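Enquirer: The structure's right below; bear with me while I get my questions together.
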There are 2 protein chains.
Amino acid sequence: MSKELKGACIIGQSGGPTAVINASVLGAVKAALNAPQITRVYGAAHGIRGVLDQQLYDMGMEDPAELELLKFTPSSALGTCRYKMKNPDEDPSDYEKLLETFRRFDVRYFFYNGGNDSMDTCNKISKFMQKSGYECRVMGIPKTIDNDLFGTDHCPGFASAAKYIATSCMEVQHDASCYDTGMITIIEVMGRNAGWLTAASALATYAGAGPDLIYLPEVDFDMESFLSDVEKRYNATGKCLVVVSEGIHDANGEFISKATTNNNDGFGHAQLGGLANKLAEVVRSRVPSAKVRAIEPSLLQRCATHLASTTDATEAYLAGKTAVQAAVSGDTDKMVAFERDTVYGQYVCNTKLLPLENVANFEKKVPREWINAAGNGIERPFIDYVLPLIQGETGMKTVEALPRFARLRKVLAKPVCE
Amino acid sequence: MSKELKGACIIGQSGGPTAVINASVLGAVKAALNAPQITRVYGAAHGIRGVLDQQLYDMGMEDPAELELLKFTPSSALGTCRYKMKNPDEDPSDYEKLLETFRRFDVRYFFYNGGNDSMDTCNKISKFMQKSGYECRVMGIPKTIDNDLFGTDHCPGFASAAKYIATSCMEVQHDASCYDTGMITIIEVMGRNAGWLTAASALATYAGAGPDLIYLPEVDFDMESFLSDVEKRYNATGKCLVVVSEGIHDANGEFISKATTNNNDGFGHAQLGGLANKLAEVVRSRVPSAKVRAIEPSLLQRCATHLASTTDATEAYLAGKTAVQAAVSGDTDKMVAFERDTVYGQYVCNTKLLPLENVANFEKKVPREWINAAGNGIERPFIDYVLPLIQGETGMKTVEALPRFARLRKVLAKPVCE
């Protein structure tokens with residue numbers, strides 16, 4: 001048993017939001033408010049930016065009922081940022097500012113809730129604090145719809161986005177196949193380097209109404225094979241539903257979304273829009289008889305709490321709570337991770353702790369054997385992997401049939417020492 | 001009491017699908033299967049196209065349990081079309097084909113489920129049948145997410161799409177406001193000439209997290225006022241969420257989003273889309289410090305049965321059932337319409353019948369006084385109008401947390417006489 005460490009804690013959120021990231025904040029805040037070792041519970045305004053600027057909310061001042069609503073409130077309730085910390089050996093100024101905030105607010109616990117880049121930040125802070133001699137326990141709480149954090153079975157936020165993509169693909173498949181005319185539909189899903197969320201569209205096919213073709217960044221994208229795949233399917237059925245990851249790239253690693261086309265709108269203006277629009281343009285010239293539609297769900301896919309998986313929200317909560325409890329018990333310099341178990345045939349999610357330096361900046365990709373040989377579809381092991389994660393209807397509260405999301409007071413805290 | 005008319009019926013779907021259009025088919029099919037006057041119940045494959053081509057499904061062959069799932073199955077389960085019937089005086093050939101189908105299948109009842117253009121088709125068929133001397137009762141069943149059918153308080157399909165837009169806007173508002181950087185978000189909502197669905201985004205603002213600015217086609221769009229509105233809001237708060245209707249146009253009636261191709265939808269309407277991207281481009285040059293994001297929910301907004309309003313689905317069902325019951329009782333040449341009533345302070349929806357020629361090709365727009373004076377926001381009377389319509393959680397069935405939509409057998413029927 002580690003010696004008891006008394007002091008305040010900071011909880012911060014960082015990177016792109018998810019449908020359930022606030023469930024982790026709720027888990028962490030409640031555990032911290034309940035921990036006798038933790039004297040004050042601060043929420044960092046916009047992640048590390050709030051720590052640097054001493055913009056900390058006093059979470060003890062929040063209405064407990066509003067806090068409870070965080071479990072099903074999308075986006076980052078404390079605010080987020082994409083701030084890259086420099087290497088402290090090159091420029092220690094940010095770290096000195098952090099230290100000043102920690103000292104002025106008597107902070108002894110730091111919890112950072114984010115994805116790959118945030119775990120890098122968390123790791124740097126942890127190592128700096130160790131070197132500085134300021135006693136402080138630092139823990140990472142995972143989140144990312146990309147599901148690409150290393151060492152964990154899956155990441156909070158992924159399953160809810162996966163459920164949204166699967167459900168939306170089923171609905172679009174119905175819509176896009178009801179006309180008596182040829183129709184090709186291309187849906188673009190988030191995921192720069194890892195195709196987990198794009199692969200989730202295969203759940204729709206598993207449930208009877210999904211994409212015909214799926215392309216992930218794990219396989220080099222070849223435009224000619226793609227066009228031939230689409231054409232073959234279209235010629236056979238008059239329809240084709242394609243789901244592509246925004247991060248697909250050619251064999252040279254060049255993003256397809258970056259590739260320039262010679263098409264313009266007739267006035268010399270380049271066509272606007274993302275990857276799906278670009279692919280649609282190419283498909284239109286190859287299959288002129290088809291109506292080709294590009295759909296980019298954009299932010300909708302990462303903030304759809306109305307379709308959140310309760311399994312996901314509960315696990316996100318667990319990750320936040322575990323981080324606080326482990327830190328209070330003496331752990332530091334770790335990220336909470338998930339381990340999958342099966343008990344009497346039922347999926348069970350256990351937590352474990354991983355050293356931050358083992359997680360930071362590594363990316364977990366979809367195993368090649370979960371993608372079909374042609375690189376345009378998903379194999380059954382992926383379905384078995386993702387299906388337990390999306391279970392459980394959302395617990396989102398509604399008033400007059402509209403979401404009732406948490407409304408925080410966000411009272412700025414004053415330093416305890418000058 | 002009209003004399004009894006014995007014979008088969010055809011039910012067809014036409015135009016763009018909705019989240020609850022199949023609830024109307026369910027209502028009509030069940031009422032028809034229960035009506036002793038109706039000898040056979042046919043579903044037209046792809047609307048009027050199936051009638052012309054004698055592609056009729058025998059709805060009596062369907063599994064009743066699968067039929068029940070139609071209430072919460074998106075898109076047009078029987079298939080749809082955008083086929084424009086010519087004026088019978090110019091070219092009667094299609095009408096003669098229809099008559100042949102009606103004779104061969106002993107059809108005495110025709111129910112057509114669709115929006116403005118479909119009611120025009122329905123009206124033409126009704127008038128031709130009267131002139132031809134072939135006894136047949138023709139009824140229109142309304143549907144459209146556009147909510148622009150004349151003479152009815154509202155249209156089945158609108159409320160579910162409205163709920164989807166409102167919920168998604170609330171979620172996006174949370175997502176788009178969590179960063180510490182300047183952000184302008186532009187969401188493009190369907191609606192060519194009427195802004196009902198775009199106006200529904202005001203529900204999100206009513207519920208605490210919605211757009212700052214809303215632009216409908218009911219008001220001429222002025223680019224300079226728009227840019228100044230956005231800039232003002234952005235300068236004050238660092239954020240701005242805008243919702244625009246795809247059909248906004250300038251004072252000359254020119255669509256702000258001009259067709260990028262020469263394609264049209266079969267009725268001579270230009271294909272719109274890409275407006276949000278276009279506006280984002282203009283805003284970027286005006287406010288270079290902001291990140292500007294365009295979101296086009298596209299098909300997602302009209303097929304989101306997972307967010308369907310049960311009030312909407314129940315009323316869609318009622319519309320289908322009423323059409324059949326009225327026709328069996330002797331009515332013809334009418335469309336089912338809704339009338340709103342308040343009983344003990346509660347919203348109640350009654351049905352009435354309108355002559356088809358009063359409905360066909362008229363468009364109902366959002367009243368100018370429900371839009372603010374500046375033409376960039378929505379007034380309270382619209383909220384009071386739409387709020388009762390979106391009530392009731394979706395009754396969509398799920399299996400393993402994924403939608404379980406109806407799977408019809410679609411057995412093609414054989415003619416009863418040669």
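If you're wondering about the labels, chains in the structure tokens are A, B, ... by order shown, residues count from 1 in each chain, ligands from 1 in order shown.
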Check every residue of chain B for an atom within 7 Å of chain A, counting only C-alpha atoms, and provide those that qualify as a PyMOL selection string.
Expert: chain B and resi 17+46+74-76+79-81+167-168+171-172+174-175+178-180+207+260+277+295+297-300+303-304+390-392+400-403
Enquirer: For stretch 411-417 of chain A, list every protein, DNA or RNA residue within 9 Å, evaluated using only C-alpha atoms, and leave out those in the same chain fewer than 4 positions away; present the list as a ChimeraX atom specification.
Expert: /A:42,54-59,61-62,101,103-106
Enquirer: Find, counting only C-alpha atoms, the residue in A:Leu356, A:Ile187, A:Ile165, A:Val366 that gets nearest to A:Lys124.
Expert: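 Among A:Leu356, A:Ile187, A:Ile165, A:Val366, it is A:Leu356 that comes nearest to A:Lys124.
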Enquirer: With only C-alpha atoms as the basis for distance, which of B:Glu66, B:Asp220, B:Asp331, B:Asp250 is at the shortest distance from B:Ser126?
Expert: B:Asp331
Enquirer: Among stretch 131-366 of chain A, which residues does DSSP mark as strand (DSSP E) when it is run on the backbone? Keep the chain and numbering as in the structure and answer as a CSV table (one decimal) with N, CA, C and O atoms, in the first residue's frame.
Expert:
chain,number,residue,atom,x,y,z
A,137,ARG,N,0.2,12.4,-8.8
A,137,ARG,CA,-0.1,11.1,-9.5
A,137,ARG,C,-0.9,11.5,-10.8
A,137,ARG,O,-1.9,12.3,-10.8
A,138,VAL,N,-0.5,10.9,-11.9
A,138,VAL,CA,-1.0,11.2,-13.2
A,138,VAL,C,-1.6,10.0,-13.9
A,138,VAL,O,-0.9,8.9,-14.0
A,139,MET,N,-2.9,10.1,-14.3
A,139,MET,CA,-3.5,8.9,-14.9
A,139,MET,C,-4.2,9.3,-16.2
A,139,MET,O,-4.9,10.4,-16.3
A,140,GLY,N,-4.1,8.4,-17.2
A,140,GLY,CA,-4.9,8.7,-18.5
A,140,GLY,C,-6.2,7.9,-18.5
A,140,GLY,O,-6.2,6.8,-18.0
A,141,ILE,N,-7.2,8.5,-19.0
A,141,ILE,CA,-8.5,7.9,-19.2
A,141,ILE,C,-8.8,7.8,-20.7
A,141,ILE,O,-8.9,8.9,-21.3
A,142,PRO,N,-8.9,6.6,-21.2
A,142,PRO,CA,-9.0,6.5,-22.7
A,142,PRO,C,-10.4,7.0,-23.2
A,142,PRO,O,-11.4,6.9,-22.6
A,183,MET,N,-28.7,3.4,-58.6
A,183,MET,CA,-28.3,4.3,-57.5
A,183,MET,C,-27.0,3.7,-56.9
A,183,MET,O,-26.9,2.6,-56.5
A,184,ILE,N,-26.0,4.6,-56.8
A,184,ILE,CA,-24.8,4.3,-56.1
A,184,ILE,C,-24.6,5.3,-54.9
A,184,ILE,O,-24.7,6.5,-55.2
A,185,THR,N,-24.4,4.8,-53.7
A,185,THR,CA,-24.3,5.7,-52.6
A,185,THR,C,-22.9,5.4,-51.9
A,185,THR,O,-22.6,4.3,-51.7
A,186,ILE,N,-22.3,6.5,-51.6
A,186,ILE,CA,-20.9,6.4,-51.0
A,186,ILE,C,-21.0,7.2,-49.6
A,186,ILE,O,-21.3,8.4,-49.6
A,187,ILE,N,-20.7,6.5,-48.5
A,187,ILE,CA,-20.7,7.1,-47.2
A,187,ILE,C,-19.3,7.2,-46.7
A,187,ILE,O,-18.5,6.2,-46.8
A,188,GLU,N,-18.9,8.4,-46.2
A,188,GLU,CA,-17.6,8.6,-45.7
A,188,GLU,C,-17.6,8.6,-44.2
A,188,GLU,O,-18.3,9.4,-43.6
A,189,VAL,N,-16.8,7.7,-43.6
A,189,VAL,CA,-16.8,7.6,-42.1
A,189,VAL,C,-15.4,8.1,-41.6
A,189,VAL,O,-14.4,8.0,-42.2
A,213,LEU,N,-19.7,-2.8,-50.2
A,213,LEU,CA,-18.3,-2.7,-50.2
A,213,LEU,C,-17.8,-1.8,-49.1
A,213,LEU,O,-18.5,-0.7,-48.8
A,214,ILE,N,-16.7,-2.1,-48.5
A,214,ILE,CA,-16.2,-1.4,-47.3
A,214,ILE,C,-14.7,-1.2,-47.5
A,214,ILE,O,-14.0,-2.2,-47.8
A,215,TYR,N,-14.2,0.0,-47.5
A,215,TYR,CA,-12.7,0.2,-47.7
A,215,TYR,C,-12.1,0.9,-46.4
A,215,TYR,O,-12.5,2.0,-46.0
A,239,LYS,N,-27.9,-1.3,-57.8
A,239,LYS,CA,-27.6,-0.5,-56.7
A,239,LYS,C,-26.2,-0.8,-56.2
A,239,LYS,O,-25.6,-1.9,-56.5
A,240,CYS,N,-25.6,0.1,-55.4
A,240,CYS,CA,-24.4,-0.2,-54.7
A,240,CYS,C,-24.2,0.7,-53.6
A,240,CYS,O,-24.3,2.0,-53.8
A,241,LEU,N,-24.0,0.2,-52.4
A,241,LEU,CA,-23.7,1.0,-51.2
A,241,LEU,C,-22.3,0.8,-50.8
A,241,LEU,O,-21.9,-0.3,-50.5
A,242,VAL,N,-21.5,1.9,-50.7
A,242,VAL,CA,-20.1,1.8,-50.4
A,242,VAL,C,-19.8,2.6,-49.1
A,242,VAL,O,-20.4,3.7,-49.0
A,243,VAL,N,-19.0,2.1,-48.2
A,243,VAL,CA,-18.6,2.8,-47.1
A,243,VAL,C,-17.1,2.9,-47.1
A,243,VAL,O,-16.4,1.9,-47.3
A,244,VAL,N,-16.6,4.2,-47.0
A,244,VAL,CA,-15.1,4.4,-47.1
A,244,VAL,C,-14.6,5.1,-45.9
A,244,VAL,O,-15.4,6.0,-45.4
A,245,SER,N,-13.5,4.8,-45.4
A,245,SER,CA,-12.8,5.5,-44.3
A,245,SER,C,-12.2,6.8,-44.9
A,245,SER,O,-11.6,6.8,-46.0
A,291,LYS,N,-27.4,7.2,-60.6
A,291,LYS,CA,-27.4,8.4,-59.8
A,291,LYS,C,-26.4,8.1,-58.7
A,291,LYS,O,-26.5,7.1,-58.0
A,292,VAL,N,-25.4,9.0,-58.4
A,292,VAL,CA,-24.4,8.7,-57.4
A,292,VAL,C,-24.5,9.8,-56.3
A,292,VAL,O,-24.6,11.0,-56.6
A,293,ARG,N,-24.6,9.3,-55.1
A,293,ARG,CA,-24.8,10.2,-54.0
A,293,ARG,C,-23.7,10.0,-53.0
A,293,ARG,O,-23.4,8.9,-52.6
A,294,ALA,N,-23.1,11.1,-52.5
A,294,ALA,CA,-22.1,11.1,-51.4
A,294,ALA,C,-22.7,11.5,-50.1
A,294,ALA,O,-23.4,12.6,-50.1
A,295,ILE,N,-22.5,10.8,-49.1
A,295,ILE,CA,-23.0,11.2,-47.7
A,295,ILE,C,-21.8,11.2,-46.8
A,295,ILE,O,-21.1,10.2,-46.6
A,334,LYS,N,0.0,5.9,-15.5
A,334,LYS,CA,-0.7,4.8,-16.1
A,334,LYS,C,-1.9,5.3,-16.9
A,334,LYS,O,-2.4,6.3,-16.6
A,335,MET,N,-2.3,4.4,-17.9
A,335,MET,CA,-3.6,4.6,-18.5
A,335,MET,C,-4.6,3.5,-18.1
A,335,MET,O,-4.1,2.3,-18.1
A,336,VAL,N,-5.8,3.7,-17.9
A,336,VAL,CA,-6.8,2.7,-17.7
A,336,VAL,C,-7.1,2.0,-19.0
A,336,VAL,O,-7.2,2.7,-20.0
A,337,ALA,N,-7.1,0.7,-19.0
A,337,ALA,CA,-7.3,0.0,-20.3
A,337,ALA,C,-8.4,-1.1,-20.0
A,337,ALA,O,-8.7,-1.4,-18.9
A,338,PHE,N,-9.0,-1.6,-21.1
A,338,PHE,CA,-10.0,-2.7,-21.0
A,338,PHE,C,-9.5,-4.0,-21.4
A,338,PHE,O,-8.7,-4.1,-22.4
A,339,GLU,N,-9.9,-5.1,-20.7
A,339,GLU,CA,-9.6,-6.4,-21.1
A,339,GLU,C,-10.9,-7.1,-21.2
A,339,GLU,O,-11.8,-7.0,-20.3
A,340,ARG,N,-11.1,-7.9,-22.3
A,340,ARG,CA,-12.4,-8.6,-22.5
A,340,ARG,C,-12.3,-10.0,-21.9
A,340,ARG,O,-11.3,-10.7,-22.0
A,341,ASP,N,-13.4,-10.4,-21.2
A,341,ASP,CA,-13.4,-11.7,-20.7
A,341,ASP,C,-14.8,-12.3,-21.0
A,341,ASP,O,-15.7,-11.5,-21.4
A,342,THR,N,-14.9,-13.6,-20.9
A,342,THR,CA,-16.2,-14.2,-21.2
A,342,THR,C,-16.6,-15.0,-19.9
A,342,THR,O,-15.8,-15.9,-19.5
A,343,VAL,N,-17.7,-14.7,-19.3
A,343,VAL,CA,-18.1,-15.4,-18.1
A,343,VAL,C,-19.5,-16.1,-18.4
A,343,VAL,O,-20.4,-15.4,-18.7
A,346,GLN,N,-21.0,-14.9,-21.4
A,346,GLN,CA,-21.4,-13.5,-21.5
A,346,GLN,C,-20.1,-12.6,-21.6
A,346,GLN,O,-19.2,-12.9,-20.8
A,347,TYR,N,-20.2,-11.6,-22.4
A,347,TYR,CA,-19.1,-10.6,-22.5
A,347,TYR,C,-19.0,-9.9,-21.1
A,347,TYR,O,-20.0,-9.4,-20.5
A,348,VAL,N,-17.8,-9.8,-20.7
A,348,VAL,CA,-17.4,-9.0,-19.5
A,348,VAL,C,-16.3,-8.1,-19.8
A,348,VAL,O,-15.3,-8.5,-20.5
A,349,CYS,N,-16.3,-6.9,-19.2
A,349,CYS,CA,-15.2,-6.0,-19.5
A,349,CYS,C,-14.5,-5.7,-18.1
A,349,CYS,O,-15.0,-5.2,-17.2
A,350,ASN,N,-13.2,-6.0,-18.1
A,350,ASN,CA,-12.4,-5.8,-16.9
A,350,ASN,C,-11.4,-4.6,-17.2
A,350,ASN,O,-11.0,-4.4,-18.4
A,351,THR,N,-11.0,-4.0,-16.1
A,351,THR,CA,-10.0,-2.9,-16.4
A,351,THR,C,-8.6,-3.4,-16.0
A,351,THR,O,-8.5,-4.3,-15.2
A,352,LYS,N,-7.6,-2.7,-16.5
A,352,LYS,CA,-6.2,-3.0,-16.1
A,352,LYS,C,-5.5,-1.6,-16.3
A,352,LYS,O,-6.1,-0.7,-16.8
A,353,LEU,N,-4.3,-1.5,-15.8
A,353,LEU,CA,-3.5,-0.3,-16.0
A,353,LEU,C,-2.3,-0.6,-16.9
A,353,LEU,O,-1.6,-1.6,-16.7
A,354,LEU,N,-2.0,0.4,-17.8
A,354,LEU,CA,-0.9,0.2,-18.7
A,354,LEU,C,0.1,1.4,-18.5
A,354,LEU,O,-0.4,2.6,-18.3
A,355,PRO,N,1.4,1.2,-18.5
A,355,PRO,CA,2.3,2.4,-18.4
A,355,PRO,C,2.0,3.4,-19.5
A,355,PRO,O,1.9,2.9,-20.7
Enquirer: If we count only C-alpha atoms and set the cut-off at 8 Å, which residues sit around B:Ala8, ignoring sequence neighbours fewer than 5 positions away in its own chain? Please answer as a PyMOL selection string.
Expert: chain B and resi 38-42+105-109
Enquirer: Determine, counting only C-alpha atoms, which protein, DNA and RNA residues have an atom within 7 Å of an atom of A:Leu26; residues of the same chain fewer than 4 positions away are not included. Present the result as a PyMOL selection string.
Expert: chain A and resi 22+30+67-68+70-71+317
Enquirer: Report the residues of stretch 55-131 of chain B whose backbone DSSP state falls under alpha helix (DSSP H), written as a ChimeraX atom specification.
Expert: /B:64-69,93-104,116-131
Enquirer: Hey, can you spit out that residue selection with C-alpha atoms as a compact mmCIF listing (two decimals), in the first residue's frame?
Expert:
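Done, and the output landed in part_31.txt:
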# COMPACT_ATOMS: atom_id res chain seq x y z
CA PRO B 64 -48.55 -10.60 -40.54
CA ALA B 65 -45.67 -10.24 -38.07
CA GLU B 66 -43.45 -8.77 -40.78
CA LEU B 67 -46.25 -6.45 -41.85
CA GLU B 68 -46.48 -5.12 -38.29
CA LEU B 69 -42.77 -4.22 -38.44
CA SER B 93 -51.09 5.70 -73.50
CA ASP B 94 -50.06 5.39 -69.81
CA TYR B 95 -53.69 5.72 -68.73
CA GLU B 96 -54.76 3.00 -71.12
CA LYS B 97 -52.10 0.76 -69.64
CA LEU B 98 -53.36 1.53 -66.14
CA LEU B 99 -56.87 0.67 -67.20
CA GLU B 100 -55.66 -2.62 -68.61
CA THR B 101 -53.96 -3.46 -65.30
CA PHE B 102 -57.06 -2.46 -63.36
CA ARG B 103 -59.24 -4.68 -65.59
CA ARG B 104 -56.92 -7.67 -65.52
CA ASN B 116 -47.25 16.98 -53.95
CA ASP B 117 -46.26 15.38 -57.24
CA SER B 118 -47.86 12.08 -56.23
CA MET B 119 -51.14 13.83 -55.43
CA ASP B 120 -50.96 15.31 -58.92
CA THR B 121 -50.56 11.79 -60.34
CA CYS B 122 -53.36 10.55 -58.11
CA ASN B 123 -55.64 13.38 -59.24
CA LYS B 124 -54.94 12.71 -62.93
CA ILE B 125 -55.68 9.02 -62.51
CA SER B 126 -58.84 9.75 -60.58
CA LYS B 127 -60.14 12.12 -63.25
CA PHE B 128 -59.22 9.75 -66.08
CA MET B 129 -60.98 6.84 -64.42
CA GLN B 130 -64.12 8.92 -63.97
CA LYS B 131 -64.04 9.90 -67.63
Enquirer: Got a sec: who's within 6 Å of A:Val20, counting only C-alpha atoms, leaving out chain neighbours fewer than 3 positions off, as a ChimeraX atom specification?
Expert: /A:23,157,313
